[in-house]
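One file, my_file15.tsv, carrying TSV, C-alpha atoms:
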```tsv
chain	number	residue	atom	x	y	z
A	1	MET	CA	118.44	62.75	72.26
A	2	ASP	CA	117.74	63.10	75.95
A	3	PRO	CA	115.83	59.89	76.86
A	4	GLN	CA	113.70	61.88	79.30
A	5	ARG	CA	112.50	64.25	76.55
A	6	ALA	CA	109.47	62.96	74.71
A	7	ALA	CA	109.96	62.28	71.00
A	8	ASP	CA	106.21	62.40	70.48
A	9	PRO	CA	104.28	65.53	71.58
A	10	ALA	CA	101.60	63.20	73.01
A	11	SER	CA	104.10	61.65	75.39
A	12	PRO	CA	103.73	62.82	79.00
A	13	PRO	CA	106.79	64.09	80.92
A	14	GLY	CA	109.33	61.35	81.63
A	15	LEU	CA	107.84	58.85	79.20
A	16	ASP	CA	108.78	58.49	75.49
A	17	LEU	CA	105.90	56.57	73.92
A	18	ALA	CA	107.85	55.68	70.76
A	19	ARG	CA	110.67	54.04	72.73
A	20	LEU	CA	108.21	52.48	75.16
A	21	THR	CA	106.24	50.94	72.30
A	22	GLY	CA	109.38	49.35	70.87
A	23	TRP	CA	110.28	47.88	74.25
A	24	PHE	CA	106.69	46.72	74.85
A	25	ASP	CA	106.55	44.82	71.56
A	26	ARG	CA	109.91	43.16	72.22
A	27	GLU	CA	109.11	42.24	75.83
A	28	LEU	CA	105.41	41.41	75.43
A	29	PRO	CA	104.92	40.29	71.83
A	30	GLY	CA	101.30	40.09	70.77
A	31	ARG	CA	100.02	41.88	73.90
A	32	ARG	CA	99.49	45.31	72.31
A	33	GLY	CA	96.15	45.73	70.55
A	34	GLY	CA	96.58	49.34	69.43
A	35	GLU	CA	98.64	52.49	69.78
A	36	LEU	CA	99.85	53.16	73.31
A	37	TRP	CA	98.58	56.22	75.14
A	38	ALA	CA	99.63	57.34	78.62
A	39	GLU	CA	98.95	59.98	81.24
A	40	VAL	CA	100.50	60.79	84.62
A	41	VAL	CA	98.42	59.61	87.55
A	42	ALA	CA	98.10	62.54	89.94
A	43	GLY	CA	98.99	62.25	93.60
A	44	GLY	CA	102.52	60.90	93.66
A	45	ARG	CA	105.31	63.10	95.03
A	46	SER	CA	108.24	60.77	94.46
A	47	ASN	CA	108.18	58.05	91.81
A	48	LEU	CA	106.04	58.77	88.76
A	49	THR	CA	103.04	56.57	87.94
A	50	TYR	CA	101.33	56.53	84.56
A	51	ARG	CA	98.08	55.05	83.30
A	52	LEU	CA	98.99	53.20	80.08
A	53	THR	CA	96.49	51.80	77.57
A	54	ASP	CA	96.32	50.37	74.06
A	55	GLY	CA	92.62	51.21	73.83
A	56	THR	CA	91.56	47.84	75.19
A	57	SER	CA	93.84	46.85	78.07
A	58	ARG	CA	95.20	49.07	80.83
A	59	TRP	CA	98.41	48.93	82.81
A	60	ALA	CA	100.19	51.09	85.38
A	61	LEU	CA	103.80	52.09	84.69
A	62	ARG	CA	106.20	53.20	87.44
A	63	ARG	CA	109.49	55.03	86.98
A	64	PRO	CA	111.75	57.18	89.19
A	65	PRO	CA	111.34	60.96	89.32
A	66	MET	CA	113.21	63.10	86.83
A	67	GLY	CA	116.51	64.38	88.17
A	68	HIS	CA	118.20	64.34	91.60
A	69	VAL	CA	117.64	60.65	92.29
A	70	LEU	CA	119.10	59.94	95.73
A	71	PRO	CA	121.52	57.03	96.16
A	72	THR	CA	119.68	53.72	96.85
A	73	ALA	CA	116.29	55.45	96.41
A	74	HIS	CA	113.60	54.90	93.77
A	75	ASP	CA	114.65	51.30	93.10
A	76	MET	CA	112.26	49.91	90.48
A	77	ALA	CA	113.68	46.38	90.64
A	78	ARG	CA	113.05	46.42	94.38
A	79	GLU	CA	109.41	47.41	93.94
A	80	TYR	CA	108.91	44.80	91.24
A	81	THR	CA	110.52	42.09	93.36
A	82	VAL	CA	108.29	42.69	96.36
A	83	ILE	CA	104.98	42.92	94.46
A	84	SER	CA	105.96	39.76	92.55
A	85	ALA	CA	106.57	37.99	95.87
A	86	LEU	CA	103.38	39.25	97.52
A	87	HIS	CA	101.02	38.73	94.59
A	88	GLY	CA	98.56	36.06	95.72
A	89	SER	CA	99.37	36.57	99.42
A	90	PRO	CA	96.98	37.94	102.08
A	91	VAL	CA	98.34	41.41	101.22
A	92	PRO	CA	96.68	42.65	98.00
A	93	VAL	CA	99.07	44.09	95.40
A	94	PRO	CA	98.84	44.75	91.64
A	95	GLU	CA	99.84	41.88	89.36
A	96	PRO	CA	103.42	42.34	88.09
A	97	VAL	CA	103.75	42.38	84.28
A	98	ALA	CA	107.32	43.27	83.23
A	99	LEU	CA	110.45	45.01	84.51
A	100	CYS	CA	112.86	47.03	82.34
A	101	THR	CA	116.35	47.82	83.66
A	102	ASP	CA	117.62	49.20	80.31
A	103	ARG	CA	118.04	52.95	80.78
A	104	ALA	CA	118.13	53.44	77.00
A	105	VAL	CA	114.33	53.09	76.91
A	106	LEU	CA	113.13	55.81	79.30
A	107	GLY	CA	116.34	57.04	80.90
A	108	GLU	CA	115.68	55.08	84.10
A	109	PRO	CA	114.48	51.57	85.00
A	110	PHE	CA	110.71	51.13	85.10
A	111	TYR	CA	108.11	48.41	85.41
A	112	LEU	CA	104.59	47.56	84.32
A	113	MET	CA	101.88	46.15	86.55
A	114	SER	CA	98.15	45.60	86.26
A	115	PHE	CA	95.97	48.68	86.58
A	116	VAL	CA	93.87	48.40	89.73
A	117	ASP	CA	90.42	49.96	89.60
A	118	GLY	CA	90.65	51.08	93.20
A	119	ILE	CA	89.85	54.31	95.00
A	120	VAL	CA	92.38	56.29	97.03
A	121	LEU	CA	90.88	57.80	100.17
A	122	ASP	CA	92.76	61.05	99.66
A	123	GLU	CA	90.17	63.28	101.28
A	124	PRO	CA	87.98	62.46	104.29
A	125	GLY	CA	84.77	63.41	102.51
A	126	LYS	CA	85.02	60.32	100.32
A	127	ALA	CA	84.02	58.21	103.33
A	128	ALA	CA	80.23	58.48	103.32
A	129	ASP	CA	79.69	58.06	107.07
A	130	PRO	CA	81.58	57.48	110.36
A	131	ALA	CA	81.20	53.70	110.10
A	132	THR	CA	82.88	53.71	106.67
A	133	ALA	CA	85.63	56.02	107.92
A	134	ARG	CA	86.31	53.78	110.90
A	135	HIS	CA	86.34	50.62	108.81
A	136	SER	CA	88.80	52.14	106.32
A	137	THR	CA	91.38	52.80	109.01
A	138	GLU	CA	90.72	49.43	110.66
A	139	ALA	CA	91.38	47.76	107.29
A	140	LEU	CA	94.55	49.83	106.94
A	141	VAL	CA	95.90	48.54	110.26
A	142	ASP	CA	94.77	44.95	109.70
A	143	THR	CA	96.51	44.84	106.31
A	144	LEU	CA	99.74	46.08	107.91
A	145	VAL	CA	99.46	43.31	110.52
A	146	ALA	CA	98.97	40.79	107.68
A	147	LEU	CA	102.07	42.11	105.90
A	148	HIS	CA	104.25	41.85	109.00
A	149	ASP	CA	102.92	38.35	109.68
A	150	ILE	CA	104.20	36.98	106.34
A	151	ASP	CA	107.32	34.83	106.63
A	152	PRO	CA	109.80	36.28	104.09
A	153	HIS	CA	111.17	32.78	103.41
A	154	GLN	CA	107.73	31.53	102.35
A	155	VAL	CA	107.42	34.18	99.61
A	156	GLY	CA	111.03	34.11	98.43
A	157	LEU	CA	112.13	37.34	100.12
A	158	GLU	CA	114.62	35.88	102.59
A	159	ALA	CA	117.46	37.77	100.85
A	160	PHE	CA	115.49	41.02	100.42
A	161	GLY	CA	117.29	42.80	103.26
A	162	ARG	CA	119.74	42.42	106.15
A	163	PRO	CA	117.76	42.46	109.42
A	164	GLU	CA	120.85	42.46	111.66
A	165	GLY	CA	121.80	46.06	112.44
A	166	PHE	CA	118.75	47.28	110.51
A	167	LEU	CA	117.90	50.32	112.65
A	168	GLN	CA	121.47	51.63	112.76
A	169	ARG	CA	121.81	51.26	108.98
A	170	GLN	CA	118.48	53.01	108.48
A	171	VAL	CA	119.59	56.05	110.48
A	172	SER	CA	122.90	56.18	108.60
A	173	ARG	CA	121.26	55.70	105.21
A	174	TRP	CA	118.69	58.46	105.69
A	175	HIS	CA	121.35	60.78	107.10
A	176	LYS	CA	123.38	60.31	103.91
A	177	GLN	CA	120.32	60.97	101.79
A	178	PHE	CA	119.61	64.20	103.69
A	179	GLN	CA	123.19	65.32	103.05
A	180	ALA	CA	122.78	64.51	99.35
A	181	SER	CA	119.77	66.86	99.18
A	182	VAL	CA	120.93	69.60	101.58
A	183	ALA	CA	124.58	70.23	100.75
A	184	GLU	CA	125.03	72.92	103.39
A	185	GLY	CA	124.00	70.58	106.19
A	186	ASN	CA	121.70	71.32	109.11
A	187	ASP	CA	122.47	71.49	112.84
A	188	THR	CA	119.03	70.20	113.85
A	189	GLU	CA	119.42	67.22	111.54
A	190	ALA	CA	122.85	66.42	112.97
A	191	GLY	CA	121.40	66.49	116.49
A	192	VAL	CA	118.50	64.23	115.52
A	193	VAL	CA	120.86	61.69	113.95
A	194	ALA	CA	123.06	61.69	117.06
A	195	ALA	CA	120.09	61.20	119.39
A	196	LEU	CA	118.56	58.43	117.27
A	197	THR	CA	121.91	56.65	117.21
A	198	ASP	CA	122.44	56.99	120.97
A	199	ARG	CA	118.97	55.64	121.80
A	200	LEU	CA	118.65	52.74	119.34
A	201	PRO	CA	116.07	50.24	120.68
A	202	ASP	CA	116.34	46.47	120.36
A	203	SER	CA	114.34	44.93	117.53
A	204	THR	CA	112.05	42.12	118.66
A	205	ARG	CA	110.91	40.82	115.27
A	206	THR	CA	111.94	40.86	111.62
A	207	GLY	CA	109.35	41.20	108.89
A	208	ILE	CA	108.61	42.65	105.47
A	209	VAL	CA	108.60	46.43	105.90
A	210	HIS	CA	106.64	48.58	103.44
A	211	GLY	CA	108.57	51.73	104.32
A	212	ASP	CA	105.90	54.34	103.47
A	213	TYR	CA	102.66	52.88	104.79
A	214	ARG	CA	99.67	55.22	105.12
A	215	LEU	CA	96.05	55.67	104.12
A	216	THR	CA	96.88	57.34	100.80
A	217	ASN	CA	99.20	54.49	99.76
A	218	VAL	CA	96.41	51.93	99.59
A	219	MET	CA	93.56	51.62	97.12
A	220	PHE	CA	90.10	50.58	98.27
A	221	GLU	CA	87.28	48.73	96.60
A	222	PRO	CA	84.08	50.84	96.25
A	223	GLY	CA	82.58	51.53	99.65
A	224	PHE	CA	85.99	51.42	101.34
A	225	GLN	CA	85.22	48.11	103.04
A	226	ARG	CA	88.16	46.21	101.53
A	227	ILE	CA	91.64	47.21	100.36
A	228	ALA	CA	92.10	46.42	96.66
A	229	ALA	CA	95.87	47.01	96.57
A	230	VAL	CA	98.76	48.33	98.62
A	231	VAL	CA	100.98	50.48	96.40
A	232	ASP	CA	104.26	52.48	96.45
A	233	TRP	CA	106.71	49.79	97.59
A	234	GLU	CA	109.88	51.72	96.67
A	235	MET	CA	111.18	51.67	100.28
A	236	ALA	CA	110.30	48.06	101.08
A	237	THR	CA	112.87	45.87	102.82
A	238	LEU	CA	113.29	43.33	105.62
A	239	GLY	CA	113.63	44.83	109.08
A	240	ASP	CA	111.86	46.00	112.21
A	241	PRO	CA	108.07	46.18	111.60
A	242	LEU	CA	107.73	48.99	114.16
A	243	THR	CA	109.34	51.38	111.66
A	244	ASP	CA	106.13	51.04	109.62
A	245	VAL	CA	103.99	51.60	112.71
A	246	GLY	CA	105.95	54.68	113.79
A	247	LEU	CA	105.73	56.25	110.34
A	248	LEU	CA	102.01	55.41	110.11
A	249	TYR	CA	101.56	57.28	113.39
A	250	VAL	CA	103.51	60.26	112.02
A	251	TYR	CA	101.48	60.48	108.82
A	252	HIS	CA	98.18	60.38	110.67
A	253	GLU	CA	99.15	62.63	113.56
A	254	ARG	CA	97.88	66.15	113.12
A	255	SER	CA	100.97	68.31	112.82
A	256	ARG	CA	102.48	70.78	110.41
A	257	ALA	CA	105.14	68.18	109.65
A	258	ALA	CA	102.67	65.92	107.84
A	259	ALA	CA	100.29	68.56	106.50
A	260	GLY	CA	101.89	68.73	103.06
A	261	VAL	CA	101.65	64.97	102.53
A	262	MET	CA	98.47	63.80	104.23
A	263	PRO	CA	95.04	65.40	104.51
A	264	ASP	CA	93.39	65.49	107.92
A	265	PHE	CA	91.31	62.39	108.70
A	266	PRO	CA	89.42	63.61	111.80
A	267	VAL	CA	88.46	61.32	114.64
A	268	ALA	CA	85.21	63.30	114.80
A	269	GLN	CA	84.30	61.89	111.38
A	270	GLY	CA	84.94	58.31	112.46
A	271	PHE	CA	88.58	57.75	111.48
A	272	LEU	CA	90.79	56.00	114.02
A	273	SER	CA	93.27	58.22	115.84
A	274	PRO	CA	96.97	57.35	115.55
A	275	GLU	CA	96.84	56.07	119.14
A	276	ALA	CA	93.85	53.83	118.34
A	277	MET	CA	95.65	52.48	115.27
A	278	VAL	CA	98.68	51.61	117.40
A	279	ARG	CA	96.49	49.85	119.97
A	280	ARG	CA	94.72	47.83	117.27
A	281	TYR	CA	98.06	46.90	115.72
A	282	ALA	CA	99.56	45.83	119.07
A	283	GLU	CA	96.54	43.71	119.98
A	284	ALA	CA	96.39	41.96	116.59
A	285	SER	CA	100.13	41.44	116.13
A	286	GLY	CA	101.16	40.72	119.70
A	287	LEU	CA	104.19	42.99	119.26
A	288	ASP	CA	105.52	45.05	122.17
A	289	VAL	CA	105.22	48.73	121.18
A	290	ALA	CA	107.01	50.11	124.24
A	291	ALA	CA	109.79	51.53	122.05
A	292	LEU	CA	107.42	53.21	119.63
A	293	ASP	CA	108.45	56.76	120.60
A	294	TRP	CA	111.86	56.10	119.03
A	295	HIS	CA	110.17	54.82	115.87
A	296	ILE	CA	107.90	57.88	115.78
A	297	ALA	CA	110.94	60.17	116.05
A	298	PHE	CA	112.63	58.18	113.30
A	299	GLY	CA	109.43	58.45	111.23
A	300	TYR	CA	109.55	62.25	111.47
A	301	PHE	CA	113.24	62.17	110.51
A	302	LYS	CA	112.50	59.95	107.52
A	303	LEU	CA	109.66	62.24	106.44
A	304	SER	CA	112.06	65.18	106.61
A	305	VAL	CA	114.56	63.42	104.33
A	306	ILE	CA	111.83	62.50	101.83
A	307	ALA	CA	110.67	66.12	101.82
A	308	ALA	CA	114.25	67.33	101.36
A	309	GLY	CA	114.65	65.24	98.21
A	310	ILE	CA	111.33	66.43	96.78
A	311	ALA	CA	112.18	70.06	97.60
A	312	ALA	CA	115.55	69.71	95.85
A	313	ARG	CA	113.89	68.38	92.68
A	314	TYR	CA	111.32	71.19	92.83
A	315	GLN	CA	114.07	73.80	93.09
A	316	GLN	CA	115.68	72.28	89.98
A	317	GLY	CA	112.39	72.45	88.07
A	318	LEU	CA	112.21	68.67	87.77
A	319	THR	CA	108.88	67.89	89.44
A	320	VAL	CA	105.74	66.89	87.54
A	321	GLY	CA	102.45	68.38	88.79
A	322	GLU	CA	101.55	70.94	91.43
A	323	GLY	CA	101.86	71.45	95.19
A	324	PHE	CA	105.61	70.92	95.54
A	325	GLU	CA	106.37	74.38	96.91
A	326	VAL	CA	105.49	73.28	100.47
A	327	PHE	CA	108.19	70.64	100.81
A	328	GLY	CA	111.01	72.94	101.95
A	329	ALA	CA	108.94	73.99	104.96
A	330	LEU	CA	107.78	70.39	105.47
A	331	ARG	CA	111.42	69.27	105.66
A	332	ASP	CA	112.12	71.74	108.48
A	333	ASP	CA	108.85	71.08	110.33
A	334	ALA	CA	109.44	67.32	110.30
A	335	LEU	CA	112.99	67.77	111.59
A	336	SER	CA	111.71	69.94	114.43
A	337	ALA	CA	109.06	67.34	115.25
A	338	ALA	CA	111.71	64.60	115.37
A	339	ALA	CA	113.88	66.67	117.70
A	340	GLY	CA	110.86	67.42	119.92
A	341	LYS	CA	109.86	63.76	120.17
A	342	LEU	CA	113.43	62.78	121.09
A	343	ARG	CA	113.41	65.31	123.95
A	344	GLU	CA	110.35	63.55	125.41
A	345	PHE	CA	112.12	60.30	126.29
```
In structure tokens, what does this structure look like?
Amino acid sequence: MDPQRAADPASPPGLDLARLTGWFDRELPGRRGGELWAEVVAGGRSNLTYRLTDGTSRWALRRPPMGHVLPTAHDMAREYTVISALHGSPVPVPEPVALCTDRAVLGEPFYLMSFVDGIVLDEPGKAADPATARHSTEALVDTLVALHDIDPHQVGLEAFGRPEGFLQRQVSRWHKQFQASVAEGNDTEAGVVAALTDRLPDSTRTGIVHGDYRLTNVMFEPGFQRIAAVVDWEMATLGDPLTDVGLLYVYHERSRAAAGVMPDFPVAQGFLSPEAMVRRYAEASGLDVAALDWHIAFGYFKLSVIAAGIAARYQQGLTVGEGFEVFGALRDDALSAAAGKLREF
């Protein structure tokens, strides 16, 4: 039987509840108080997240997408390692519960973590007033500063990545992932990779990098005054913190390149502009952001590669949910934005 095909009609796509129950009872004996039930949590475009319950307790389960998993992407052990290291730190994360690397269970590795009763600010109207909107984006920046301020050695992540040559490896890695999704290649992409390589900046600090940091990848406590959890750590590593800042700028800049991923959070409603977020980050962290244009261009390139992978899975009929038809255009728009930013400096 295909491990990705549910044995039980009540099982959601990508999750076989019968096999999961067997694993759960072996791994967490005595923890299950009833029959397991699960549903896909809407909003994710890459890894799949499920709400899992036994009728009394709740957990969140994360697994890779179905089909067309890019090399080195969607690493569940990596996510589990970083949230385990950061749990109890100044950066709020869900509590890790268990990791499964046995593909016989669900067809791919997966992990369980605590279910956080947080709110995702996925539309600007959820912020009741300009003061709330402003504070939500201030908290977003301050939490990123706190993440980058953590010494990897103090949380056991000193071997989590190779900081030396980080930016060059990042460009090469994402280029290979684009090629894995777009077999026919792309002249604009080749030009972007060449320009990024030619203009590599020097890294001034090494830190824990989230890799996909934005407003919709954090969960807030009610009222949006405090962040309850930072989620989606699949791209986390050790490297140049400005890659997080550049991508944060990209996600919150109003452009067609980010329109399929992020809603508009207007300055007129109180949200910080990308420029204001960068200023707040620079002041709080003390980091020199003079090379940020390169990191913004790289952020657009990275967004293009992410979109390319999602578009490829959509074309194969392997996505779960709606709204995936925009990612082919998003791939091309983000590439064009990267090329345009590189022409500016």
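Nearest residue to Thr56 in chain A, choosing from A:Leu20, A:Ala258, A:Leu36, A:Val245 and counting only C-alpha atoms: A:Leu36.
When only C-alpha atoms are used to compute distances to Ala180 in chain A, the closest of the residues A:Phe24, A:Ala329, A:Val105, A:Val305 turns out to be A:Val305.
These residues, each with an atom at most 7 Å from (113.7, 52.2, 112.6) using all atoms listed in the file, are Leu167, Gln170, Asp240, Leu242, Thr243, His295 and Phe298 of chain A.
Compared by their closest atoms to Asp264 in chain A, and using only C-alpha atoms, the residues A:Ala10, A:Ala228, A:Leu121, A:Val218 rank with A:Leu121 nearest.
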Within 7 Å of Ser114 in chain A, counting all atoms listed in the file, which residues qualify if same-chain residues fewer than 3 places away don't, as a tab-separated table (two decimals) with C-alpha atoms, in the coordinates of the input?
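Full text of part_20.tsv as output:
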```tsv
chain	number	residue	atom	x	y	z
A	59	TRP	CA	98.41	48.93	82.81
A	60	ALA	CA	100.19	51.09	85.38
A	94	PRO	CA	98.84	44.75	91.64
A	95	GLU	CA	99.84	41.88	89.36
A	96	PRO	CA	103.42	42.34	88.09
A	97	VAL	CA	103.75	42.38	84.28
```
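CA of Arg134 in chain A to CA of Gln269 in chain A spans 8.4 Å [interatomic distance, one decimal].
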Which residues are near Val120 in chain A? Cut-off 7 Å, all atoms listed in the file, ignore same chain within fewer than 4 positions. Put them as a ChimeraX atom specification. /A:216,218-220
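Remark: for Gly328 in chain A, the closest of the candidate residues A:Ile208, A:Val182, A:Ala229, A:Arg162 is A:Val182 (distances computed over only C-alpha atoms).
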When distances are computed from all atoms listed in the file, which of A:Pro163, A:Gly309, A:Pro130, A:Gly185 shows the smallest separation from Phe271 in chain A? A:Pro130
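Atom pair CA of Met277 in chain A / CA of Tyr249 in chain A: separated by 7.8 Å.
The residue that comes closest to Gln168 in chain A, out of A:Leu144, A:Met235, A:Val155, A:Ala195 and on the basis of all atoms listed in the file, is A:Ala195.
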Would you mind listing what lies within 9 Å of Arg226 in chain A as a CSV table (one decimal) with C-alpha atoms, keeping the file's coordinate frame, with only C-alpha atoms counted and same-chain residues fewer than 3 positions away left out?
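Once everything was written out, this is part32.csv:
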```csv
chain,number,residue,atom,x,y,z
A,135,HIS,CA,86.3,50.6,108.8
A,136,SER,CA,88.8,52.1,106.3
A,139,ALA,CA,91.4,47.8,107.3
A,219,MET,CA,93.6,51.6,97.1
A,220,PHE,CA,90.1,50.6,98.3
A,221,GLU,CA,87.3,48.7,96.6
A,222,PRO,CA,84.1,50.8,96.2
A,223,GLY,CA,82.6,51.5,99.6
```
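If you look at CA of Ala146 in chain A and CA of Val231 in chain A, they are 15.0 Å away from each other.
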So which residues touch Glu27 in chain A within 12 Å, counting only C-alpha atoms, skipping near sequence neighbours fewer than 2 positions away, as a PyMOL selection string? chain A and resi 20-25+29-32+97-100+102+111-112
Output of the above residues as an mmCIF file, in the frame of the given file, restricted to C-alpha atoms:
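And here is the file that came out, part-v6.cif:
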```cif
data_model
loop_
_atom_site.group_PDB
_atom_site.id
_atom_site.type_symbol
_atom_site.label_atom_id
_atom_site.label_comp_id
_atom_site.auth_asym_id
_atom_site.auth_seq_id
_atom_site.Cartn_x
_atom_site.Cartn_y
_atom_site.Cartn_z
ATOM 1 C CA LEU A 20 108.210 52.480 75.160
ATOM 2 C CA THR A 21 106.240 50.940 72.300
ATOM 3 C CA GLY A 22 109.380 49.350 70.870
ATOM 4 C CA TRP A 23 110.280 47.880 74.250
ATOM 5 C CA PHE A 24 106.690 46.720 74.850
ATOM 6 C CA ASP A 25 106.550 44.820 71.560
ATOM 7 C CA PRO A 29 104.920 40.290 71.830
ATOM 8 C CA GLY A 30 101.300 40.090 70.770
ATOM 9 C CA ARG A 31 100.020 41.880 73.900
ATOM 10 C CA ARG A 32 99.490 45.310 72.310
ATOM 11 C CA VAL A 97 103.750 42.380 84.280
ATOM 12 C CA ALA A 98 107.320 43.270 83.230
ATOM 13 C CA LEU A 99 110.450 45.010 84.510
ATOM 14 C CA CYS A 100 112.860 47.030 82.340
ATOM 15 C CA ASP A 102 117.620 49.200 80.310
ATOM 16 C CA TYR A 111 108.110 48.410 85.410
ATOM 17 C CA LEU A 112 104.590 47.560 84.320
#
```
